[in-house]
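Right, one structure below, let's go through it.
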Amino acid sequence: MSTLLTGVGELVTGDPSLGDGSLLGLLHDAALVVDDGRVAWVGRSVDAPACDDVHDVAGAAVVPGFVDSHSHLVFAGERSAEFAARMAGERYSAGGIRSTVAATRAATDDQLAARAGAHVAEMRRQGTTTVEVKSGYGLTVHDEARSLQVAAALTPETTYLGAHVVPPEHADDPGAYVDLVTGPMLDACAPHARWIDVFCETGAFDADQARAILLAGRDRGLLPRIHANQLGHGPGVQLACEVGAAAADHCTYLSEDDVDALASTGTVAGLLPGVEFSTRSPYPDARRLLDAGVTVAVATDCNPGSCYTSSMPFVLALAVREMGMTPAEALWATTRGGAASLRRDDVGHLAVGARADLAVLDAPSHVHLAYRPGVPLVRETWVGGVRA
Ligand SMILES: [Zn+2]
């Protein structure tokens, strides 16, 4: 059963070899054929082949579905009071995670699943078709494993983040907690995870602890990624490059050596500007990274503490307004960049053979995503060729 999506005013293929040859590979007055969940044909509407079904979007722009490469959706409770206090002048520190840990441990499996599922549905309505989901609010063997089971029911991109913060019961002996994370907790979590992550930051885990955790995960077949250089200069980015991590996320405080290491190893820099917005902190320098040839992804970091937005269009707009990216670069970073961060070549673009994951916009051009911030422009989201 083939479907012709036609009347596309502007089609963002995400493939520079298509259309106008730009970064986004734009085609105008375009059409796209979906067959068996994949893109089977792209081109000008007038050249489109006959299909079983026709869907005319009447001049709308169509973009690849967003790939949100960094989120924390399995949790209970909320921290609006902490946000209000921060906006009244208090500074963000990593320790606030512990209040969500207490609420998450107290929640039932069904409560966690319902909440995480609601967040994913919220993301879908905003055009996100692939999402990475981390554990990290359980911090016991049982609670991390069940968090990952909840995540795995929603996405294949699941990340074991037992090393989010040292939980209160291990505050006097962080080394014993690292042993737990690399031992019994890893045993329980590895079957439900694709990735392993560490919060490498003052107040969380240092370089030696983070290295031990990432290597233990890698030995079990999990792929490393890392929270790095968010709150200050630190060893996280260099460690990411050393262990072959797919991505170093945050990257706000970078030395020249850090930028060079990201560029030379191809480690993706994941920028999460919703965090800087929500913590009133300095934004990462995306321009510096792009000019150095670093692959940049932009993602939400959706979590109840430092950034409770699920909206890729919102962080895209922040990337343009606050981090010096062009609208085209920001759309690339939220689609192909996110796919690179997750080492996926089947999503984040709409060339022939890609998954038919896309968003139809209530707008004639992708530029409207940044030009009309805060406006719900995603009219339809298609996942695997099916309208979600
Ligand atoms: Zn995060």
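Labels for the structure tokens follow display order: chains A, B, ..., residues from 1 in each chain, ligands from 1.
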
Quiz prompt | Which of stretch 118-247 of chain A fall in helix (DSSP H, G or I), as a VMD selection string | solution = chain A and resid 118 to 125 141 to 152 168 to 170 174 to 182 184 to 192 207 to 219 236 to 243

Exercise. Using only C-alpha atoms, determine which residues lie at most 12 Å from A:Arg288, disregarding the query and same-chain residues fewer than 6 positions distant; provide the list as a PyMOL selection string.
Key: chain A and resi 251-256+258-260+262-263+269+294-296+323-325

Quiz item: Mind checking DSSP for stretch 137-339 of chain A and telling me the strand (DSSP E) residues as a ChimeraX atom specification?
Solution: /A:158-163,195-200,223-228,247-250,268-271,296-298

Go ahead and save the residues from that selection, with C-alpha atoms, as a compact mmCIF listing (two decimals), in the first residue's frame.
```txt
# COMPACT_ATOMS: atom_id res chain seq x y z
CA THR A 158 17.25 3.63 25.83
CA THR A 159 20.13 4.80 28.01
CA TYR A 160 21.30 3.43 31.33
CA LEU A 161 22.14 6.44 33.53
CA GLY A 162 22.65 4.84 36.93
CA ALA A 163 25.49 7.36 37.24
CA TRP A 195 23.47 3.23 25.64
CA ILE A 196 25.33 4.03 28.85
CA ASP A 197 25.69 7.59 30.12
CA VAL A 198 27.40 9.39 33.01
CA PHE A 199 26.89 12.86 34.49
CA CYS A 200 30.57 13.89 34.63
CA LEU A 223 27.47 2.39 23.63
CA PRO A 224 28.88 5.33 25.61
CA ARG A 225 27.51 8.89 25.68
CA ILE A 226 28.11 11.50 28.37
CA HIS A 227 26.86 14.64 30.14
CA ALA A 228 29.94 16.87 29.93
CA ALA A 247 28.10 12.16 21.86
CA ALA A 248 29.21 14.60 24.50
CA ASP A 249 26.13 16.54 25.59
CA HIS A 250 25.93 20.08 27.04
CA VAL A 268 28.83 14.71 18.27
CA ALA A 269 28.40 17.78 20.48
CA GLY A 270 24.86 17.71 21.84
CA LEU A 271 23.63 21.19 22.71
CA VAL A 296 26.26 19.46 16.35
CA ALA A 297 22.98 17.99 17.59
CA VAL A 298 20.34 20.05 19.39
```

Contacts of chain A with ligand 1 up to 7 Å, shortest pair per row, only C-alpha atoms and all ligand atoms, as CSV:
```
residue,atom,partner,partner_atom_place_in_ligand_line,distance
A:His70,CA,ligand 1,1 (Zn),6.2
A:Ser71,CA,ligand 1,1 (Zn),6.1
A:His72,CA,ligand 1,1 (Zn),6.5
A:His227,CA,ligand 1,1 (Zn),6.5
A:Asp301,CA,ligand 1,1 (Zn),4.9
```

Using N, CA and C atoms, can you write the selected residues to a file as a compact mmCIF listing (two decimals), in the first residue's frame?
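See selection21.txt below for the written result:
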```txt
# COMPACT_ATOMS: atom_id res chain seq x y z
N HIS A 70 18.33 13.38 23.49
CA HIS A 70 18.66 13.50 24.92
C HIS A 70 17.41 13.86 25.72
N SER A 71 16.88 12.87 26.48
CA SER A 71 15.76 13.19 27.36
C SER A 71 15.74 12.26 28.57
N HIS A 72 15.07 12.73 29.59
CA HIS A 72 14.91 11.97 30.85
C HIS A 72 13.41 11.94 31.14
N HIS A 227 27.19 13.25 29.78
CA HIS A 227 26.86 14.64 30.14
C HIS A 227 28.19 15.30 30.50
N ASP A 301 16.73 17.67 26.27
CA ASP A 301 17.09 17.34 27.66
C ASP A 301 15.85 17.36 28.56
```

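Between A:Ala333 and the candidates A:Ser310, A:Thr140, A:Gln126, A:Thr300, the tightest atom-to-atom separation, counting only C-alpha atoms, involves A:Thr300.
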
Quiz item: Within 9 Å of A:Ala107, counting only C-alpha atoms, which residues qualify if same-chain residues fewer than 6 places away don't, as a ChimeraX atom specification?
Solution: /A:75-77

Exercise. Please identify all polymer residues within 6 Å of A:Ala354, counting only C-alpha atoms, omitting same-chain residues fewer than 3 positions from it, and present them as a ChimeraX atom specification.
Key: /A:38-39,346,350-351

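Near stretch 145-152 of chain A, within a cut-off of 8 Å and counting only C-alpha atoms, sit the residues A:Leu73, A:Val74, A:Asp109, A:Leu112, A:Ala113, A:Ala116, A:Val133, A:Lys134, A:Ser135, A:Gly136, A:Tyr137, A:Gly138, A:Glu157, A:Thr158, A:Thr159, A:Tyr160, A:Met185, A:Ala188, A:Cys189, A:His192, A:Ala193, with same-chain residues fewer than 5 positions away left out.
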
Exercise. Name the residues in contact with A:Gly59 at a cut-off of 6 Å, using only C-alpha atoms, excluding same-chain residues fewer than 3 positions from it; report them as a PyMOL selection string.
Key: chain A and resi 7-9

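If only C-alpha atoms are the atoms counted, then among A:Ala171, A:Ala245, A:Ala317, A:Ala328 the closest residue to A:His366 is A:Ala328.
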
Practice problem: With a distance cut-off of 9 Å and only C-alpha atoms, select the neighbouring residues of A:Ala216, excluding the residue or stretch itself and same-chain residues fewer than 6 positions from it, and output the selection as a PyMOL selection string. | Solution: chain A and resi 182-183+186+222

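Using only C-alpha atoms, the shortest contact distance between A:Ala356 and any of A:Ala40, A:Val181, A:Ala292, A:Ala190 is found at A:Ala40.
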
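Atom pair atom CA of A:Ala261 / atom CA of A:Val237: separated by 8.0 Å.
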
Quiz prompt | Counting only C-alpha atoms, the residue of A:Pro376, A:Pro167, A:Gly234, A:Gly43 that sits nearest A:Asp206 | solution = A:Gly234
